[in-house]
Amino acid sequence: MDTISQMPQYATLPSRHFWRRAVACIVDIIIFQAVILIAVYCISTVIPLDFRFAGWSYTQCGVEMPDQLAKRIDAGWPLRSGEVRINQICEVSQIGSEKQKYLQTGVSRQTDYGTSAQWLTIPVDADSNPVVGTEPVYPSLISGIVNIALLALAFAYFSANGRRTIGKKLMGLRVQSVDGKNPGLGTAFRREILKFSPYLLFSTAEFAFSLFPVFPTEDFDALLRMSRDGYTLWDNSDAMFGIILGIAALIWWFLPLIFWQGQTFYDRICACKVVKI
């Protein structure tokens, strides 16, 4: 009796190529993002743009604050015993967008558990006057979606019809259909859009939160009094968005690689695979 033929046969799953794929993706994102930023900068010198790419900004704090504004802060948020005032105006610069200015004011104090602080961050206009209200996120929302679409298109173009991105060439990888053929541009673009879908989720969540007012009142003096009394303002949306994006990315990108079945989620949907050549 042939016992070997009766033994259960286990399919050999393809290698994950985890580190190769990770390095290739990082290299390609750096290259494509640099090209996009340079293109946006060149276009913005001719045509005014209002692109705000998340994470690609430069912040400089310590811009001189007008005496009138400093006195207004002292009157609305008087110091208590043991407290130290911290005032500063920060300028945020981004490629393709005008500078944005923010006022950061707060107090710090020593407690039995260390140093604690309360902060209030408010946009200011060109004359350093507080602009209280819901800050529009449409430019950043549109910029985020456009940036993702351009990245996906760049990845797709260099992954379709037998081509490879620079990162995949360096790591010896190629995207193929499950039947061993080379995917067309449409399939490759759909795969890349699905790959970057956590970023789309981030933009959607950012827009949803923007529908709610950041500040409970548009009276700057009232906000100062509320901050003095310990009222917590909803000013941690970026942290919340980061948590949402991190959870989505862990599920979408890493879960298939942990419970490996030969393909990631977006590869399976598009009937593609990544092979080593």
# chains A, B, ... in the order shown; residues from 1 in each chain; ligands from 1

call {"tool": "residues_around", "arguments": {"residues": "A:Ala22", "least_positions_apart": "4", "cutoff": "12 Å", "atoms": "only C-alpha atoms", "output": "MDAnalysis selection string"}}
result
chainID A and resid 16:18 26:29 167:168 170:171 173 253:254 257

call {"tool": "atom_distance", "arguments": {"atom1": "atom CA of A:Arg191", "atom2": "atom CA of A:Gly242"}}
result
23.4 Å

call {"tool": "residues_around", "arguments": {"residues": "A:Glu83", "least_positions_apart": "3", "cutoff": "12 Å", "atoms": "only C-alpha atoms", "output": "list in words"}}
result
Trp77, Pro78, Leu79, Arg80, Ile86, Gly106, Val107, Ser108, Arg109, Gln110, Thr111, Thr115, Ser116, Ala117, Gln118 and Arg228 of chain A

call {"tool": "atom_distance", "arguments": {"atom1": "atom CA of A:Tyr102", "atom2": "atom CA of A:Gln60"}}
result
10.3 Å

call {"tool": "select_by_dssp", "arguments": {"residues": "stretch 138-181 of chain A", "states": "alpha helix (DSSP H)", "output": "CSV table (one decimal) with C-alpha atoms, in the first residue's frame"}}
result
chain,number,residue,atom,x,y,z
A,138,TYR,CA,-10.8,71.6,1.0
A,139,PRO,CA,-7.3,72.5,-0.2
A,140,SER,CA,-5.6,69.9,1.8
A,141,LEU,CA,-8.3,67.3,1.0
A,142,ILE,CA,-8.0,68.0,-2.8
A,143,SER,CA,-4.2,68.1,-2.5
A,144,GLY,CA,-4.2,64.7,-0.7
A,145,ILE,CA,-6.4,63.0,-3.3
A,146,VAL,CA,-4.5,64.5,-6.2
A,147,ASN,CA,-1.2,63.4,-4.7
A,148,ILE,CA,-2.4,59.9,-4.1
A,149,ALA,CA,-3.8,59.7,-7.7
A,150,LEU,CA,-0.5,61.0,-9.1
A,151,LEU,CA,1.5,58.5,-7.0
A,152,ALA,CA,-0.8,55.6,-8.1
A,153,LEU,CA,-0.5,56.6,-11.7
A,154,ALA,CA,3.3,56.8,-11.6
A,155,PHE,CA,3.4,53.3,-9.9
A,156,ALA,CA,0.9,51.9,-12.4
A,157,TYR,CA,2.7,53.2,-15.5
A,166,ILE,CA,13.3,51.7,-10.1
A,167,GLY,CA,12.7,50.2,-6.6
A,168,LYS,CA,11.5,46.9,-8.1
A,169,LYS,CA,14.4,46.8,-10.5
A,170,LEU,CA,16.8,47.3,-7.6
A,171,MET,CA,15.1,44.6,-5.5
